[in-house]
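A.B. asks: Sharing start_4.txt (compact mmCIF, C-alpha atoms) below.
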# COMPACT_ATOMS: atom_id res chain seq x y z
CA MET A 1 -3.12 39.73 6.50
CA SER A 2 -6.27 41.83 6.65
CA PRO A 3 -7.71 42.08 10.17
CA ASP A 4 -11.14 41.57 8.62
CA MET A 5 -10.22 38.26 6.96
CA ARG A 6 -12.47 35.34 7.90
CA ILE A 7 -11.23 31.75 7.70
CA LEU A 8 -13.75 28.91 7.91
CA VAL A 9 -12.22 25.66 9.19
CA PHE A 10 -13.97 22.32 8.67
CA GLY A 11 -12.32 19.45 10.52
CA GLY A 12 -13.32 15.80 10.75
CA SER A 13 -12.47 12.23 9.83
CA PHE A 14 -14.33 12.32 6.48
CA ASP A 15 -14.47 8.53 6.60
CA PRO A 16 -16.01 8.74 4.04
CA PRO A 17 -17.07 12.30 3.12
CA HIS A 18 -20.78 12.32 2.28
CA ARG A 19 -23.50 14.66 1.07
CA GLY A 20 -24.13 15.85 4.61
CA HIS A 21 -20.55 17.12 4.93
CA ALA A 22 -20.83 19.08 1.68
CA ALA A 23 -24.21 20.54 2.64
CA LEU A 24 -22.97 21.56 6.09
CA LEU A 25 -19.90 23.36 4.72
CA ALA A 26 -21.91 25.14 2.03
CA ALA A 27 -24.47 26.30 4.61
CA ALA A 28 -21.72 27.51 6.95
CA ALA A 29 -19.96 29.37 4.14
CA ALA A 30 -23.21 31.13 3.20
CA ARG A 31 -23.59 32.26 6.82
CA VAL A 32 -19.96 33.18 7.62
CA GLU A 33 -18.99 34.45 4.14
CA PRO A 34 -15.32 33.45 4.56
CA ASP A 35 -12.36 34.73 2.58
CA LEU A 36 -10.73 31.30 2.91
CA ILE A 37 -12.10 27.81 3.59
CA LEU A 38 -9.84 25.07 4.97
CA VAL A 39 -10.98 21.44 4.99
CA VAL A 40 -8.82 19.57 7.51
CA PRO A 41 -9.15 15.76 7.53
CA ALA A 42 -7.81 14.21 10.74
CA PHE A 43 -5.20 11.46 10.89
CA HIS A 44 -7.08 9.96 13.84
CA ALA A 45 -9.69 12.08 15.62
CA PRO A 46 -8.97 11.77 19.38
CA LEU A 47 -12.56 10.91 20.38
CA LYS A 48 -13.21 8.44 17.53
CA ASP A 49 -12.05 5.01 16.46
CA ALA A 50 -9.22 4.83 13.94
CA PRO A 51 -10.42 5.63 10.41
CA SER A 52 -11.18 2.76 8.04
CA ALA A 53 -9.57 4.46 5.03
CA SER A 54 -6.00 5.77 4.86
CA SER A 55 -5.13 9.43 5.22
CA ASP A 56 -4.23 9.76 1.54
CA ASP A 57 -7.48 8.15 0.46
CA ARG A 58 -9.54 10.40 2.73
CA LEU A 59 -7.70 13.49 1.53
CA GLU A 60 -8.57 12.60 -2.04
CA LEU A 61 -12.16 11.75 -1.16
CA ALA A 62 -12.58 14.99 0.81
CA HIS A 63 -11.44 16.96 -2.21
CA LEU A 64 -13.92 15.14 -4.46
CA GLY A 65 -16.84 15.00 -2.05
CA VAL A 66 -16.56 18.26 -0.13
CA ILE A 67 -14.47 20.93 -1.88
CA GLU A 68 -15.53 20.04 -5.42
CA ARG A 69 -19.20 20.05 -4.39
CA LEU A 70 -19.19 23.60 -3.06
CA PRO A 71 -20.91 26.36 -5.03
CA ALA A 72 -18.42 28.04 -7.38
CA ARG A 73 -18.13 31.13 -5.19
CA TRP A 74 -16.86 29.10 -2.24
CA ARG A 75 -14.98 26.49 -4.24
CA ARG A 76 -12.64 29.23 -5.48
CA VAL A 77 -11.51 30.02 -1.92
CA ALA A 78 -11.51 26.44 -0.55
CA ARG A 79 -8.32 24.53 0.17
CA LEU A 80 -7.47 21.10 1.52
CA ASP A 81 -5.19 21.27 4.58
CA PRO A 82 -3.28 17.95 4.87
CA SER A 83 -1.35 18.88 8.02
CA GLU A 84 -3.33 16.66 10.42
CA ALA A 85 -3.89 13.78 8.00
CA ARG A 86 -0.19 13.47 7.20
CA ALA A 87 1.08 14.05 10.73
CA GLY A 88 1.21 10.30 11.41
CA ARG A 89 -0.32 10.77 14.86
CA ARG A 90 -3.42 12.06 16.60
CA ALA A 91 -3.70 15.82 16.27
CA PHE A 92 -5.76 18.07 18.50
CA THR A 93 -7.97 20.83 17.19
CA VAL A 94 -6.55 23.30 19.69
CA ASP A 95 -3.07 22.84 18.19
CA THR A 96 -4.34 23.14 14.62
CA LEU A 97 -6.25 26.34 15.36
CA ALA A 98 -3.32 27.82 17.27
CA ARG A 99 -1.09 27.13 14.26
CA LEU A 100 -3.58 28.70 11.86
CA LYS A 101 -3.92 31.71 14.14
CA ALA A 102 -0.15 32.19 14.17
CA LEU A 103 0.08 31.84 10.38
CA ASN A 104 -2.80 34.24 9.74
CA THR A 105 -2.22 37.10 12.14
CA GLY A 106 -5.34 39.16 12.71
CA ALA A 107 -7.69 36.80 10.88
CA ALA A 108 -10.90 35.60 12.52
CA LEU A 109 -11.21 31.81 12.65
CA HIS A 110 -14.60 30.10 12.40
CA PHE A 111 -14.92 26.36 13.06
CA ILE A 112 -17.82 24.29 11.76
CA CYS A 113 -18.80 20.76 12.84
CA GLY A 114 -21.84 18.53 13.21
CA GLN A 115 -24.11 18.54 16.24
CA ASP A 116 -22.69 15.37 17.80
CA ALA A 117 -19.14 16.71 17.61
CA ALA A 118 -20.26 20.08 18.96
CA ALA A 119 -22.04 18.41 21.89
CA SER A 120 -18.79 16.62 22.81
CA PHE A 121 -16.84 19.92 22.92
CA PRO A 122 -16.28 19.81 26.73
CA LYS A 123 -14.29 16.58 26.17
CA TRP A 124 -11.95 18.17 23.61
CA LYS A 125 -8.42 19.10 24.62
CA ASN A 126 -8.24 22.51 26.32
CA PRO A 127 -11.83 23.66 25.61
CA ALA A 128 -11.28 27.01 27.36
CA ARG A 129 -8.51 27.95 24.94
CA LEU A 130 -10.43 26.52 21.99
CA LYS A 131 -13.37 28.76 22.75
CA LYS A 132 -11.12 31.82 22.49
CA LEU A 133 -9.34 30.75 19.29
CA ALA A 134 -12.41 30.70 17.05
CA SER A 135 -16.10 31.32 16.64
CA TRP A 136 -17.99 28.02 16.78
CA TRP A 137 -20.73 26.78 14.47
CA TYR A 138 -22.68 23.55 14.17
CA GLY A 139 -25.23 21.94 11.89
CA ALA A 140 -28.30 20.56 13.63
CA ARG A 141 -29.08 16.86 13.31
CA PRO A 142 -32.74 15.78 13.63
CA GLY A 143 -33.22 13.60 16.67
CA ALA A 144 -29.85 14.40 18.24
CA ALA A 145 -29.93 13.69 21.96
CA GLU A 146 -27.43 16.32 23.13
CA GLU A 147 -27.21 20.06 22.56
CA PRO A 148 -23.88 21.88 22.01
CA PRO A 149 -22.59 24.45 24.51
CA SER A 150 -24.48 27.74 24.41
CA PHE A 151 -21.71 29.69 22.66
CA PHE A 152 -22.11 27.58 19.49
CA HIS A 153 -24.01 29.25 16.64
CA ARG A 154 -26.43 27.09 14.69
CA VAL A 155 -26.10 27.09 10.91
CA PRO A 156 -29.52 27.80 9.37
CA GLY A 157 -31.30 25.20 7.28
CA ARG A 158 -32.11 21.51 7.35
CA LEU A 159 -29.19 19.23 6.57
CA PRO A 160 -29.19 15.61 5.36
CA GLU A 161 -29.26 13.09 8.17
CA ILE A 162 -26.38 10.76 7.34
CA SER A 163 -24.30 8.73 9.78
CA SER A 164 -20.74 7.96 8.70
CA THR A 165 -20.75 4.84 10.91
CA GLU A 166 -23.92 3.49 9.31
CA LEU A 167 -22.62 4.46 5.88
CA ARG A 168 -19.42 2.46 6.34
CA THR A 169 -21.48 -0.56 7.36
CA ALA A 170 -23.70 -0.16 4.32
CA LEU A 171 -20.65 0.01 2.05
CA GLU A 172 -19.17 -3.11 3.64
CA LEU A 173 -22.45 -4.96 3.04
CA GLY A 174 -22.53 -3.96 -0.61
CA GLN A 175 -25.65 -1.82 -0.25
CA ASP A 176 -26.56 1.05 -2.56
CA CYS A 177 -25.12 4.25 -1.03
CA SER A 178 -25.74 6.61 -3.94
CA ASP A 179 -28.23 8.62 -1.88
CA ALA A 180 -25.49 9.49 0.63
CA LEU A 181 -22.36 9.65 -1.54
CA PHE A 182 -21.65 11.73 -4.62
CA PRO A 183 -20.94 9.64 -7.76
CA GLU A 184 -17.28 10.70 -7.91
CA VAL A 185 -16.73 9.62 -4.30
CA LEU A 186 -18.50 6.30 -4.75
CA ALA A 187 -16.55 5.62 -7.95
CA ARG A 188 -13.24 6.29 -6.20
CA ILE A 189 -14.23 4.05 -3.29
CA GLU A 190 -15.04 1.26 -5.74
CA ALA A 191 -11.81 1.80 -7.70
CA ARG A 192 -9.72 1.73 -4.52
CA GLY A 193 -11.67 -1.18 -2.99
CA LEU A 194 -12.23 0.84 0.20
CA TYR A 195 -14.66 -0.02 3.01
CA GLY A 196 -14.73 -3.71 2.17
CA ARG A 197 -15.55 -3.19 -1.50
CA ALA A 198 -12.43 -5.08 -2.65
CA LEU A 199 -13.52 -8.14 -0.67
CA LEU A 200 -17.04 -7.92 -2.05
CA LYS A 201 -15.69 -7.69 -5.59
CA SER A 202 -13.55 -10.77 -5.02
CA LEU A 203 -16.52 -12.70 -3.64
CA ARG A 204 -18.73 -11.68 -6.57
CA GLU A 205 -16.11 -12.93 -8.99
CA THR A 206 -15.57 -16.28 -7.29
CA LEU A 207 -19.01 -17.28 -5.98
CA LYS A 208 -22.22 -18.16 -7.74
CA PRO A 209 -24.83 -15.35 -7.47
CA GLY A 210 -27.01 -17.21 -5.00
CA ARG A 211 -24.07 -18.15 -2.85
CA TYR A 212 -22.79 -14.56 -2.91
CA GLU A 213 -26.13 -13.15 -1.78
Could you render the structure from this file as structure tokens?
C.D. replies:
Amino acid sequence: MSPDMRILVFGGSFDPPHRGHAALLAAAAARVEPDLILVVPAFHAPLKDAPSASSDDRLELAHLGVIERLPARWRRVARLDPSEARAGRRAFTVDTLARLKALNTGAALHFICGQDAAASFPKWKNPARLKKLASWWYGARPGAAEEPPSFFHRVPGRLPEISSTELRTALELGQDCSDALFPEVLARIEARGLYGRALLKSLRETLKPGRYE
């Protein structure tokens, strides 16, 4: 392993992965210029509610909505890391980064996340060790109330303001989410009946239009 190798790690629930995730990773890659990109969906992020979609579904969606949307230069070096998603339990970022550090001796790890996640860093498991394991980057969110710790580097550029929580609600209500989700992701959500879409389909098929609305 080259001591100059840079690995960009992008962790999160990706529930579902949206245009903001793809834009954040592309912006971070342009800044860090990594030799390897790892997208690491969580089984159950410790500071969040349990995901609405299964690990396998989110792995597939992350591939479609994050990795496949990267510019060609970065897509060639991007990989999906299923270790957390398929662990069957909550996994902590400090353990994932320690494992990656051991597997890639001498490589420099860079971790990218959104502003809200970055601001919650002091609540993460073993933040002192985390700080030493990687360089830390975040994407700014307009109107965010809290700032990340001072050692975080801000990724340049303006990123789409999309809330995964609000997006899940919109999907469950049958609203148009094409402005936030790539067509391939939305099509797979519809095909799988995720985020309440199966129930909505059933209601559309059994109720009169006025009753459905």
A.B. asks: Report, in Å to a single decimal, how far apart atom CA of A:Leu181 and atom CA of A:Glu68 are.
C.D. replies: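 Distance between the two atoms: 13.0 Å.
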A.B. asks: Using only C-alpha atoms, pick whichever of A:Ala140, A:Leu103, A:Arg19, A:Ser83 has the shortest atom-to-atom distance to A:Asp179.
C.D. replies: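 Of A:Ala140, A:Leu103, A:Arg19, A:Ser83, the one nearest A:Asp179 is A:Arg19, counting only C-alpha atoms.
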A.B. asks: Kindly give the distance, in Å, that separates atom CA of A:Pro183 and atom CA of A:Leu61, rounded to a single decimal.
C.D. replies: 11.2 Å
A.B. asks: As a PyMOL selection string, please: the residues near A:Leu159 (cut-off 10 Å, only C-alpha atoms, same-chain neighbours under 5 positions excluded).
C.D. replies: chain A and resi 19-24+27+114+139-142
A.B. asks: Counting only C-alpha atoms, find the residues whose atoms lie at most 10 Å from (-20.7, 25.9, 2.5) (file coordinates) and write them out as a VMD selection string.
C.D. replies: chain A and resid 8 10 21 to 34 37 66 to 67 69 to 71 73 to 75 78 112
A.B. asks: Taking 6 positions as the minimum chain separation for residues in the same chain, which residues sit within 8 Å of A:Leu97 when counting only C-alpha atoms? Answer as a list in words.
C.D. replies: Leu109, Leu130, Leu133 and Ala134 of chain A
A.B. asks: I need the residue nearest A:Pro46 from this list: A:Trp124, A:Tyr195, A:Phe14, A:Phe111. Use all atoms listed in the file for the distance.
C.D. replies: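 With all atoms listed in the file as the atom set, the closest residue is A:Trp124.
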A.B. asks: Please identify all polymer residues within 7 Å of A:Val40, counting only C-alpha atoms, omitting same-chain residues fewer than 3 positions from it, and present them as a PyMOL selection string.
C.D. replies: chain A and resi 10-12+80-82+84
A.B. asks: Go through A:Ala102, A:Leu36, A:Ala118, A:Ile189 one by one, measure the shortest atom-to-atom distance of each to A:Pro149 using all atoms listed in the file, and give the residue with the smallest value.
C.D. replies: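 Ranking A:Ala102, A:Leu36, A:Ala118, A:Ile189 by distance to A:Pro149, first place goes to A:Ala118.
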A.B. asks: Looking at A:Lys131, A:His63, A:Arg89, A:Arg211, which one is nearest to A:His44, with distances taken over only C-alpha atoms?
C.D. replies: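 Answer, going by the shortest atom-to-atom distance: A:Arg89.
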A.B. asks: Which of these, A:Asp35, A:Glu161, A:Glu190, A:Glu146, has the shortest distance to A:Val77 once you count all atoms listed in the file?
C.D. replies: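 Checking each candidate against A:Val77, we get A:Asp35 as the closest.
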